[in-house]
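Colleague: Submitted below is the structure of interest, expressed as structure tokens.
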Amino acid sequence: MDIVVLAGGYSHEREVSMSSGSLIANALMKNGHRVILLDLYFGTDQAATFEEAYTKLSKDKYEYKVRRQIPDLNALRAQKEKPDEMIGKNIIPIGQSADLVFLSLHGELGENGQIQAVFDLYDITYTGTGYIGSAIAMNKILAKEVMSQHGIKTPKWEVLSEDQSPKTSVPCVVKPDASGSSIGVYLVDKEEDLEAAITDARKYSKDVLIEEMIEGREFSIGVLEDQALPPIEIIPKSGFYDYENKYQAGATVEICPAEISEALTKDMQAMAKRVFKALRLEYYARIDFMVSDSGDIYCIEANTLPGMTPTSLFPQEAAAAGIDYNSLCDRLAKLAADKRK
């Protein structure tokens, strides 16, 4: 197949996206596909069809290492002639002339359903969940409301709009309502640190979510079609599972399959599938959990385009289920191709 791997974009998570996209592109090439990797935000002025782009832009191997710092979007805008255009030049015609677009995007535009809706309008086949499920899952507040309506346990929460003061007492978790990779997320133990955490979270979204703190163990479970993958336990060596601990090799201990009882495994897997269905997700996703010290399972959130970097959770879970990285990428691509048929 002729495949465009779409990565980057105007997002604080663009570095993670580029790293994922590079690995996905390499895997797809090893599987015999013709592949090009494009940045959603910049596009290309060198080609307007897949054939032209493949001739001029294809590589034998793609590489990208995630840096420690969260990307500076103002510096990114300065590199583009029309910085307010979120879809780069020729992305649409190249996508239309390819067999499919493999979405390796993270953050708002990539995961909130907007790019999926645009591609639907232009009849571009893409991997992963459609625009409705993407929009629900990306908005943490809406996702928690849907989960609660379906009887799925999630930490208690309140929403702070602009200029509102919190009612939730510390310890608590402060996070933007529509961001990923733990960007703008704070675990607050002291009352005097709460306002600073809220102020920083507001840099990434207008509304801020404040959750009760669940003391316990952190897990994640991937869902691939109708299969819940083996759970993975996440144990940061210091602090919590923030941006740096997620993407710097060796910063976190990840145990897969998690060393937990068969009963807890089955209960979490069943809840993951319930979340997948309730949020109207499609094909694949990753569901994150906390298990309290008393044994209660809480769903934290769902990720519709899980990371595919060397330290990412979803590929590790697939490997534990006997699906190697190259096979996983190929399967996700073929699921999208079958959707077009």
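Starting from 1 in every chain, residues are counted up; chains themselves are A, B, ... following the order of the structure tokens, and ligands are numbered from 1 as listed.
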Give me, as a list of chain:residue names, all polymer residues having an atom no more than 10 Å from Pro171 (chain A), counting only C-alpha atoms and skipping those fewer than 6 positions away in the same chain.
Modeller: A:Leu187, A:Val188, A:Asp189, A:Lys190, A:Glu191, A:Leu194, A:Glu211, A:Glu212, A:Met213, A:Ile214, A:Glu215
Colleague: How about saving the chosen residues, all heavy atoms kept, as a short mmCIF file (atom, residue, chain, number, x, y, z; two decimals), in the first residue's frame?
Modeller:
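The result, stored in part_6.cif:
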data_model
loop_
_atom_site.label_atom_id
_atom_site.label_comp_id
_atom_site.auth_asym_id
_atom_site.auth_seq_id
_atom_site.Cartn_x
_atom_site.Cartn_y
_atom_site.Cartn_z
N LEU A 187 0.46 16.86 40.57
CA LEU A 187 -0.01 16.21 41.79
C LEU A 187 0.29 17.17 42.93
O LEU A 187 1.46 17.44 43.23
CB LEU A 187 0.70 14.87 42.01
CG LEU A 187 0.09 13.64 41.34
CD1 LEU A 187 0.00 13.81 39.84
CD2 LEU A 187 0.88 12.40 41.68
N VAL A 188 -0.77 17.70 43.53
CA VAL A 188 -0.62 18.77 44.52
C VAL A 188 -0.86 18.22 45.91
O VAL A 188 -1.95 17.71 46.23
CB VAL A 188 -1.59 19.93 44.22
CG1 VAL A 188 -1.38 21.06 45.24
CG2 VAL A 188 -1.39 20.45 42.81
N ASP A 189 0.15 18.34 46.78
CA ASP A 189 0.06 17.86 48.16
C ASP A 189 -0.12 19.00 49.15
O ASP A 189 -0.59 18.79 50.28
CB ASP A 189 1.31 17.06 48.54
CG ASP A 189 1.43 15.77 47.74
OD1 ASP A 189 0.44 15.03 47.68
OD2 ASP A 189 2.51 15.52 47.18
N LYS A 190 0.30 20.21 48.76
CA LYS A 190 0.26 21.33 49.68
C LYS A 190 -0.67 22.42 49.16
O LYS A 190 -0.66 22.75 47.97
CB LYS A 190 1.67 21.91 49.86
CG LYS A 190 2.68 20.92 50.43
CD LYS A 190 4.06 21.55 50.51
CE LYS A 190 5.09 20.54 51.03
NZ LYS A 190 6.46 21.12 51.04
N GLU A 191 -1.46 22.99 50.07
CA GLU A 191 -2.43 24.01 49.71
C GLU A 191 -1.77 25.20 49.01
O GLU A 191 -2.31 25.77 48.06
CB GLU A 191 -3.15 24.49 50.98
CG GLU A 191 -4.41 25.30 50.70
CD GLU A 191 -5.54 24.45 50.15
OE1 GLU A 191 -5.73 23.33 50.64
OE2 GLU A 191 -6.23 24.93 49.22
N LEU A 194 -1.33 24.89 45.16
CA LEU A 194 -2.50 24.64 44.31
C LEU A 194 -2.71 25.73 43.26
O LEU A 194 -2.94 25.44 42.08
CB LEU A 194 -3.75 24.49 45.18
CG LEU A 194 -5.06 24.14 44.46
CD1 LEU A 194 -4.92 22.87 43.64
CD2 LEU A 194 -6.19 24.00 45.49
N GLU A 211 -9.05 16.69 40.17
CA GLU A 211 -9.52 15.37 40.56
C GLU A 211 -9.05 15.04 41.98
O GLU A 211 -8.01 15.53 42.43
CB GLU A 211 -8.95 14.29 39.64
CG GLU A 211 -9.49 14.28 38.23
CD GLU A 211 -8.88 13.16 37.43
OE1 GLU A 211 -7.73 12.76 37.71
OE2 GLU A 211 -9.55 12.68 36.50
N GLU A 212 -9.84 14.19 42.64
CA GLU A 212 -9.37 13.64 43.90
C GLU A 212 -8.13 12.78 43.64
O GLU A 212 -7.99 12.17 42.58
CB GLU A 212 -10.45 12.79 44.56
CG GLU A 212 -10.81 11.53 43.79
CD GLU A 212 -11.70 10.59 44.57
OE1 GLU A 212 -11.54 10.50 45.80
OE2 GLU A 212 -12.54 9.93 43.94
N MET A 213 -7.23 12.76 44.57
CA MET A 213 -6.01 11.96 44.46
C MET A 213 -6.32 10.51 44.86
O MET A 213 -6.85 10.26 45.94
CB MET A 213 -4.93 12.52 45.37
CG MET A 213 -3.63 11.76 45.32
SD MET A 213 -2.52 12.39 44.07
CE MET A 213 -1.97 13.93 44.82
N ILE A 214 -6.01 9.58 43.96
CA ILE A 214 -6.16 8.16 44.25
C ILE A 214 -4.79 7.61 44.62
O ILE A 214 -3.89 7.57 43.79
CB ILE A 214 -6.75 7.39 43.05
CG1 ILE A 214 -8.07 8.01 42.60
CG2 ILE A 214 -6.92 5.91 43.40
CD1 ILE A 214 -9.16 8.00 43.62
N GLU A 215 -4.64 7.18 45.84
CA GLU A 215 -3.38 6.59 46.29
C GLU A 215 -3.39 5.12 45.91
O GLU A 215 -4.31 4.39 46.26
CB GLU A 215 -3.21 6.75 47.80
CG GLU A 215 -3.20 8.19 48.29
CD GLU A 215 -1.93 8.92 47.91
OE1 GLU A 215 -0.97 8.26 47.44
OE2 GLU A 215 -1.88 10.15 48.09
#
Colleague: From region 57-194 of chain A, collect each residue whose DSSP state is strand (DSSP E or B) and return the set as a PyMOL selection string.
Modeller: chain A and resi 89+100-103+126+157-160+172-176+186-188
Colleague: Counting only C-alpha atoms, figure out which residue out of A:Ala318, A:Ala278, A:Leu40, A:Leu23 gets nearest to Gly110 (chain A).
Modeller: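 Of A:Ala318, A:Ala278, A:Leu40, A:Leu23, the one nearest Gly110 (chain A), counting only C-alpha atoms, is A:Leu40.
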Colleague: With only C-alpha atoms as the counted atoms, please give the residues lying no more than 12 Å from Ile300 (chain A), apart from itself and same-chain residues fewer than 2 positions off, as a VMD selection string.
Modeller: chain A and resid 137 140 to 141 143 to 145 147 to 148 152 to 157 173 175 182 209 211 to 214 218 to 221 271 to 272 275 286 to 291 297 to 298 302 to 303
Colleague: Could you list, as a list of chain:residue names, every residue within 12 Å of Ile323 (chain A), counting only C-alpha atoms and ignoring same-chain residues fewer than 6 positions away?
Modeller: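 Surrounding residues, per the criterion: A:Leu224, A:Leu229, A:Pro230, A:Phe314, A:Pro315, A:Gln316, A:Glu317, A:Cys329, A:Asp330, A:Arg331, A:Leu332.
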Colleague: May I have all residues of region 66-293 of chain A that DSSP, computed from the backbone, assigns to helix (DSSP H, G or I), given as a PyMOL selection string?
Modeller: chain A and resi 73-77+91-97+108-111+114-121+131-138+140-149+191-201+243-247+262-278
Colleague: For CA of Val5 (chain A) and CA of Leu37 (chain A), determine how far apart the two atoms are, in Å to one decimal place.
Modeller: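 Between these atoms lies a distance of 4.7 Å.
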